[in-house]
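Text of the file structure.txt, holding compact mmCIF, C-alpha atoms:
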# COMPACT_ATOMS: atom_id res chain seq x y z
CA MET A 1 113.49 126.86 147.53
CA ARG A 2 112.17 126.41 151.07
CA HIS A 3 108.65 125.16 151.67
CA THR A 4 106.68 125.69 154.87
CA ILE A 5 104.33 123.21 156.55
CA SER A 6 101.90 125.18 158.71
CA PRO A 7 101.39 124.08 162.33
CA ARG A 8 99.34 120.87 162.74
CA THR A 9 99.21 120.13 158.98
CA GLY A 10 101.00 117.84 156.52
CA THR A 11 102.12 117.53 152.92
CA SER A 12 103.41 114.96 150.42
CA PHE A 13 105.68 114.98 147.36
CA LEU A 14 107.95 112.85 145.18
CA LEU A 15 111.65 112.63 146.00
CA PRO A 16 113.85 111.17 143.22
CA ARG A 17 116.70 108.81 144.02
CA GLY A 18 119.89 110.73 144.74
CA SER A 19 118.05 113.86 145.85
CA GLU A 20 118.63 115.29 149.29
CA LEU A 21 115.87 116.47 151.61
CA LYS A 22 116.61 119.04 154.31
CA ILE A 23 114.04 119.22 157.12
CA ILE A 24 114.37 122.39 159.20
CA ASP A 25 112.92 123.38 162.58
CA PRO A 26 112.72 127.17 162.10
CA GLN A 27 111.59 128.08 165.63
CA GLY A 28 112.82 125.15 167.72
CA GLU A 29 111.15 122.34 169.69
CA GLN A 30 108.91 121.20 166.81
CA VAL A 31 108.59 117.58 165.69
CA CYS A 32 108.15 116.48 162.05
CA ASP A 33 106.69 113.07 161.22
CA PHE A 34 108.50 111.61 158.17
CA LEU A 35 107.18 108.69 156.12
CA CYS A 36 108.14 107.27 152.72
CA TYR A 37 107.13 104.64 150.18
CA SER A 38 108.75 103.30 147.02
CA GLN A 39 107.40 104.97 143.88
CA GLN A 40 107.70 101.61 142.09
CA ASP A 41 105.50 99.75 144.58
CA LYS A 42 103.63 101.55 147.37
CA ARG A 43 103.51 98.31 149.35
CA GLU A 44 107.22 98.87 150.02
CA VAL A 45 107.28 101.25 152.96
CA LEU A 46 109.61 102.56 155.66
CA SER A 47 110.06 100.02 158.46
CA SER A 48 110.87 100.96 162.04
CA GLY A 49 111.45 97.35 163.05
CA ARG A 50 113.91 96.51 160.29
CA THR A 51 115.74 99.84 160.58
CA LEU A 52 116.26 99.55 164.34
CA ASP A 53 117.22 95.89 163.96
CA TYR A 54 119.82 96.42 161.24
CA ASN A 55 121.35 99.51 162.94
CA SER A 56 121.27 97.81 166.38
CA LYS A 57 120.26 101.02 168.15
CA LEU A 58 117.27 103.17 169.06
CA PHE A 59 118.66 106.63 168.33
CA LEU A 60 119.53 107.19 164.68
CA SER A 61 121.62 110.01 163.26
CA THR A 62 124.30 110.89 160.68
CA GLY A 63 125.48 107.90 158.66
CA ASP A 64 122.57 105.64 159.55
CA LYS A 65 120.57 103.94 156.80
CA PHE A 66 116.79 103.43 156.91
CA TYR A 67 115.24 100.26 155.53
CA SER A 68 111.93 99.26 153.99
CA ASN A 69 109.73 96.33 154.97
CA ARG A 70 111.60 94.48 152.18
CA SER A 71 115.02 95.24 153.72
CA ASN A 72 116.04 97.68 150.98
CA VAL A 73 117.75 100.95 151.90
CA MET A 74 115.31 103.83 151.39
CA PHE A 75 117.45 106.74 152.61
CA GLU A 76 120.50 107.70 154.64
CA ILE A 77 121.03 110.58 157.07
CA LEU A 78 123.82 112.81 155.71
CA GLY A 79 123.68 115.60 158.29
CA ASP A 80 122.01 116.13 161.64
CA THR A 81 122.45 119.08 164.01
CA VAL A 82 120.26 117.58 166.77
CA GLY A 83 121.09 113.88 167.03
CA ARG A 84 117.94 112.78 168.84
CA HIS A 85 114.87 111.56 167.00
CA ASP A 86 112.23 108.89 167.63
CA PHE A 87 111.38 105.76 165.65
CA LEU A 88 109.23 103.98 168.27
CA LEU A 89 105.97 105.90 168.53
CA THR A 90 103.08 105.92 166.07
CA PRO A 91 101.81 109.15 164.45
CA CYS A 92 99.43 111.03 166.75
CA SER A 93 95.77 110.68 165.76
CA SER A 94 92.30 111.63 166.94
CA ASP A 95 92.46 108.49 169.09
CA THR A 96 95.75 109.71 170.62
CA PHE A 97 94.07 112.93 171.72
CA ARG A 98 91.00 111.07 172.98
CA ILE A 99 92.87 108.34 174.89
CA ILE A 100 95.97 110.18 176.16
CA TYR A 101 94.77 113.79 176.44
CA GLY A 102 91.04 113.25 177.06
CA HIS A 103 89.91 115.57 174.26
CA GLU A 104 86.20 115.34 173.48
CA ASP A 105 86.56 116.95 170.03
CA PRO A 106 90.02 115.70 169.04
CA HIS A 107 92.25 117.00 166.24
CA GLN A 108 92.92 114.47 163.45
CA GLY A 109 96.63 114.59 164.30
CA CYS A 110 99.57 113.60 162.12
CA PHE A 111 97.85 110.36 161.13
CA GLY A 112 94.89 112.24 159.67
CA ASN A 113 97.17 114.79 158.05
CA LEU A 114 99.23 112.03 156.41
CA CYS A 115 96.06 110.28 155.23
CA ASN A 116 94.91 113.50 153.54
CA ALA A 117 98.32 114.34 152.09
CA LEU A 118 99.03 110.84 150.70
CA LYS A 119 95.55 110.25 149.30
CA GLU A 120 96.60 111.49 145.85
CA TYR A 121 99.07 108.58 145.66
CA GLY A 122 96.41 106.00 146.56
CA ILE A 123 97.78 105.52 150.10
CA GLU A 124 95.19 104.98 152.83
CA GLY A 125 95.22 104.88 156.62
CA ASP A 126 95.87 101.15 156.86
CA ASP A 127 99.01 101.70 154.75
CA ILE A 128 100.56 104.10 157.31
CA PRO A 129 103.08 102.49 159.72
CA ILE A 130 105.26 104.02 162.44
CA THR A 131 106.83 107.23 161.17
CA PHE A 132 110.37 108.49 161.71
CA ASN A 133 109.66 111.33 164.15
CA VAL A 134 112.30 113.91 163.34
CA PHE A 135 113.38 116.03 166.36
CA MET A 136 111.14 114.02 168.74
CA ASN A 137 112.82 113.27 172.06
CA VAL A 138 111.64 110.03 173.68
CA SER A 139 113.58 108.63 176.62
CA VAL A 140 113.54 104.95 177.55
CA ASN A 141 114.02 103.78 181.14
CA SER A 142 116.62 101.02 180.91
CA GLU A 143 115.18 99.18 183.92
CA THR A 144 111.41 99.38 183.41
CA GLY A 145 111.21 100.13 179.68
CA GLU A 146 108.97 103.12 180.42
CA LEU A 147 108.76 105.63 177.56
CA LYS A 148 108.69 109.35 178.33
CA VAL A 149 108.14 112.11 175.78
CA GLU A 150 110.52 114.97 176.57
CA PRO A 151 110.75 118.42 174.91
CA PRO A 152 112.62 118.27 171.59
CA ARG A 153 116.29 119.16 171.73
CA SER A 154 116.08 121.11 168.48
CA LYS A 155 116.75 124.85 168.52
CA ALA A 156 115.72 127.42 165.93
CA GLY A 157 117.40 126.61 162.62
CA ASP A 158 118.37 123.03 163.45
CA TYR A 159 118.01 120.53 160.62
CA ILE A 160 118.46 117.02 159.33
CA ILE A 161 119.49 116.11 155.76
CA ILE A 162 118.65 112.77 154.17
CA ARG A 163 119.56 111.33 150.75
CA ALA A 164 117.02 109.19 148.91
CA GLU A 165 118.42 105.79 147.89
CA MET A 166 115.34 104.98 145.78
CA ASP A 167 112.57 107.00 144.14
CA LEU A 168 110.33 107.91 147.07
CA ILE A 169 106.84 109.13 147.86
CA VAL A 170 107.29 111.27 150.98
CA GLY A 171 104.82 112.42 153.62
CA LEU A 172 105.78 115.11 156.15
CA THR A 173 103.93 116.81 158.99
CA ALA A 174 104.35 119.58 161.51
CA CYS A 175 103.37 117.42 164.48
CA SER A 176 100.08 118.07 166.24
CA ALA A 177 100.71 116.52 169.69
CA GLU A 178 101.07 118.89 172.63
CA GLN A 179 103.59 116.89 174.64
CA SER A 180 105.83 116.13 171.65
CA ASN A 181 106.35 119.85 170.90
CA ASN A 182 106.62 121.20 174.46
CA TYR A 183 103.00 122.43 174.24
CA SER A 184 103.49 124.90 171.40
CA PHE A 185 102.57 124.26 167.75
CA LYS A 186 104.99 125.66 165.18
CA PRO A 187 105.77 125.24 161.46
CA ILE A 188 108.31 122.95 159.81
CA GLU A 189 110.31 123.91 156.73
CA PHE A 190 111.83 121.67 154.10
CA GLN A 191 114.01 122.00 151.04
CA ILE A 192 114.68 119.52 148.23
CA LEU A 193 118.30 119.56 147.10
CA THR A 194 118.86 117.80 143.78
CA PRO A 195 122.53 117.17 142.90
CA GLN A 196 123.56 118.70 139.58
Just dump the structure as structure tokens.
Amino acid sequence: MRHTISPRTGTSFLLPRGSELKIIDPQGEQVCDFLCYSQQDKREVLSSGRTLDYNSKLFLSTGDKFYSNRSNVMFEILGDTVGRHDFLLTPCSSDTFRIIYGHEDPHQGCFGNLCNALKEYGIEGDDIPITFNVFMNVSVNSETGELKVEPPRSKAGDYIIIRAEMDLIVGLTACSAEQSNNYSFKPIEFQILTPQ
């Protein structure tokens, strides 16, 4: 069964070990912020720093494993039709829209959406680290280190499939930042595939 995350919103759910999660961009050029915690101890959370360190690269795709702050494997990418995602930038927030875009009445962004979605699991804002930004296209200037947010490379129907390597609490969003989604807000779909 496919589930839909409406534009600029988020959701959360439990993903058992061994289950596969398919995240789909139904219309193209839409980012999805992905975050996960261990069901056994919510203090164990997805770590950008450890994942990039242990994989020795910035751009992660099929076959790459993602690590927690305790250096345990949380999930692995099994399939990826896009091949470019971001694991450097923090979830957009009301402060993002105020500081970067100059909004006077800013949207709560992915950070606020994750806070709301994960509240039922006792997870608060200070517990939310850098998310794995599925389909987000961030280029890095090799000379200056300048980061530039480019339009996502995902087309309608593109997807990524991950397999949980521990029992996870998952948060997902349909990203709220203009630049990240080529200035058009669209839904994200997902499907939980549990091996028989």
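Candidate residues A:Ser184, A:Ser94, A:Gln30, A:Ser12 were compared for distance to A:Met136, and the nearest is A:Gln30, using all atoms listed in the file.
Of the residues listed (A:Ile77, A:Cys110, A:Leu60, A:Ile169), A:Ile169 shows the shortest atom-to-atom separation from A:Gly122; distances use only C-alpha atoms.
Here the selection is built from only C-alpha atoms, and the residues within 9 Å of (96.7, 112.9, 165.9) turn out to be Arg8, Pro91, Cys92, Ser93, Ser94, Asp95, Thr96, Phe97, Pro106, His107, Gln108, Gly109, Cys110, Phe111, Gly112, Asn113, Cys175, Ser176 and Ala177 of chain A.
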Query raised in the report: Of the residues A:Asp167, A:Glu20, A:Asp86, A:Glu104, which is the one nearest to A:Leu58, using only C-alpha atoms?
Result: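 Ranked by minimum distance to A:Leu58, first place goes to A:Asp86.
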Report summary line: Shortest contact to A:Arg84, candidates A:Ile160, A:Leu46, A:Ile188, A:Ile123, atoms counted all atoms listed in the file, goes to A:Ile160
Close residues, stretch 190-193 of chain A itself excluded, 12 Å, only C-alpha atoms, min 6 positions apart in chain, as a short mmCIF file (atom, residue, chain, number, x, y, z; two decimals) with C-alpha atoms, in the frame of the given file:
data_model
loop_
_atom_site.label_atom_id
_atom_site.label_comp_id
_atom_site.auth_asym_id
_atom_site.auth_seq_id
_atom_site.Cartn_x
_atom_site.Cartn_y
_atom_site.Cartn_z
CA MET A 1 113.49 126.86 147.53
CA ARG A 2 112.17 126.41 151.07
CA HIS A 3 108.65 125.16 151.67
CA THR A 4 106.68 125.69 154.87
CA ILE A 5 104.33 123.21 156.55
CA SER A 6 101.90 125.18 158.71
CA GLY A 10 101.00 117.84 156.52
CA THR A 11 102.12 117.53 152.92
CA SER A 12 103.41 114.96 150.42
CA PHE A 13 105.68 114.98 147.36
CA LEU A 14 107.95 112.85 145.18
CA LEU A 15 111.65 112.63 146.00
CA PRO A 16 113.85 111.17 143.22
CA ARG A 17 116.70 108.81 144.02
CA GLY A 18 119.89 110.73 144.74
CA SER A 19 118.05 113.86 145.85
CA GLU A 20 118.63 115.29 149.29
CA LEU A 21 115.87 116.47 151.61
CA LYS A 22 116.61 119.04 154.31
CA ILE A 23 114.04 119.22 157.12
CA ILE A 24 114.37 122.39 159.20
CA ASP A 25 112.92 123.38 162.58
CA PRO A 26 112.72 127.17 162.10
CA CYS A 32 108.15 116.48 162.05
CA PHE A 34 108.50 111.61 158.17
CA GLY A 157 117.40 126.61 162.62
CA ASP A 158 118.37 123.03 163.45
CA TYR A 159 118.01 120.53 160.62
CA ILE A 160 118.46 117.02 159.33
CA ILE A 161 119.49 116.11 155.76
CA ILE A 162 118.65 112.77 154.17
CA ARG A 163 119.56 111.33 150.75
CA ALA A 164 117.02 109.19 148.91
CA VAL A 170 107.29 111.27 150.98
CA GLY A 171 104.82 112.42 153.62
CA LEU A 172 105.78 115.11 156.15
CA THR A 173 103.93 116.81 158.99
CA ALA A 174 104.35 119.58 161.51
#
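One distance worth recording is that between atom CA of A:Asp41 and atom CA of A:Leu88, which is 24.4 Å.
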Regenerate stretch 10-39 of chain A at the level of N, CA and C atoms and dump it as a compact mmCIF listing (two decimals), in the coordinates of the input.
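Below you can see selection-v3.txt, which holds the result:
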# COMPACT_ATOMS: atom_id res chain seq x y z
N GLY A 10 100.04 118.73 157.17
CA GLY A 10 101.00 117.84 156.52
C GLY A 10 101.02 118.05 155.02
N THR A 11 101.98 117.43 154.37
CA THR A 11 102.12 117.53 152.92
C THR A 11 102.75 116.25 152.38
N SER A 12 102.75 116.10 151.06
CA SER A 12 103.41 114.96 150.42
C SER A 12 104.02 115.41 149.10
N PHE A 13 105.01 114.64 148.61
CA PHE A 13 105.68 114.98 147.36
C PHE A 13 106.54 113.80 146.93
N LEU A 14 107.04 113.87 145.71
CA LEU A 14 107.95 112.85 145.18
C LEU A 14 109.39 113.30 145.39
N LEU A 15 110.23 112.35 145.79
CA LEU A 15 111.65 112.63 146.00
C LEU A 15 112.47 111.63 145.19
N PRO A 16 113.10 112.09 144.08
CA PRO A 16 113.85 111.17 143.22
C PRO A 16 115.10 110.61 143.91
N ARG A 17 115.48 109.42 143.51
CA ARG A 17 116.70 108.81 144.02
C ARG A 17 117.89 109.74 143.80
N GLY A 18 118.72 109.87 144.82
CA GLY A 18 119.89 110.73 144.74
C GLY A 18 119.64 112.14 145.23
N SER A 19 118.37 112.52 145.35
CA SER A 19 118.05 113.86 145.85
C SER A 19 118.22 113.90 147.37
N GLU A 20 118.49 115.10 147.85
CA GLU A 20 118.63 115.29 149.29
C GLU A 20 117.47 116.13 149.80
N LEU A 21 116.98 115.76 150.97
CA LEU A 21 115.87 116.47 151.61
C LEU A 21 116.36 117.05 152.92
N LYS A 22 116.23 118.36 153.06
CA LYS A 22 116.61 119.04 154.31
C LYS A 22 115.33 119.41 155.05
N ILE A 23 115.18 118.90 156.26
CA ILE A 23 114.04 119.22 157.12
C ILE A 23 114.53 120.15 158.21
N ILE A 24 113.89 121.31 158.33
CA ILE A 24 114.37 122.39 159.20
C ILE A 24 113.32 122.71 160.26
N ASP A 25 113.78 122.90 161.49
CA ASP A 25 112.92 123.38 162.58
C ASP A 25 113.19 124.88 162.75
N PRO A 26 112.37 125.75 162.13
CA PRO A 26 112.72 127.17 162.10
C PRO A 26 112.62 127.89 163.44
N GLN A 27 111.78 127.39 164.36
CA GLN A 27 111.59 128.08 165.63
C GLN A 27 112.11 127.29 166.83
N GLY A 28 112.34 125.99 166.64
CA GLY A 28 112.82 125.15 167.72
C GLY A 28 111.70 124.39 168.42
N GLU A 29 112.06 123.19 168.92
CA GLU A 29 111.15 122.34 169.69
C GLU A 29 109.89 121.97 168.91
N GLN A 30 110.04 121.63 167.63
CA GLN A 30 108.91 121.20 166.81
C GLN A 30 109.25 119.89 166.11
N VAL A 31 108.40 118.89 166.28
CA VAL A 31 108.59 117.58 165.69
C VAL A 31 108.01 117.54 164.28
N CYS A 32 108.63 116.72 163.41
CA CYS A 32 108.15 116.48 162.05
C CYS A 32 108.05 114.98 161.83
N ASP A 33 106.86 114.49 161.56
CA ASP A 33 106.69 113.07 161.22
C ASP A 33 107.09 112.86 159.75
N PHE A 34 107.99 111.91 159.51
CA PHE A 34 108.50 111.61 158.17
C PHE A 34 108.11 110.17 157.81
N LEU A 35 107.58 110.01 156.60
CA LEU A 35 107.18 108.69 156.12
C LEU A 35 107.49 108.60 154.63
N CYS A 36 107.88 107.41 154.16
CA CYS A 36 108.14 107.27 152.72
C CYS A 36 107.79 105.88 152.21
N TYR A 37 107.49 105.85 150.91
CA TYR A 37 107.13 104.64 150.18
C TYR A 37 107.94 104.61 148.89
N SER A 38 108.13 103.42 148.33
CA SER A 38 108.75 103.30 147.02
C SER A 38 107.77 103.75 145.95
N GLN A 39 108.26 104.56 145.01
CA GLN A 39 107.40 104.97 143.88
C GLN A 39 107.06 103.77 142.99
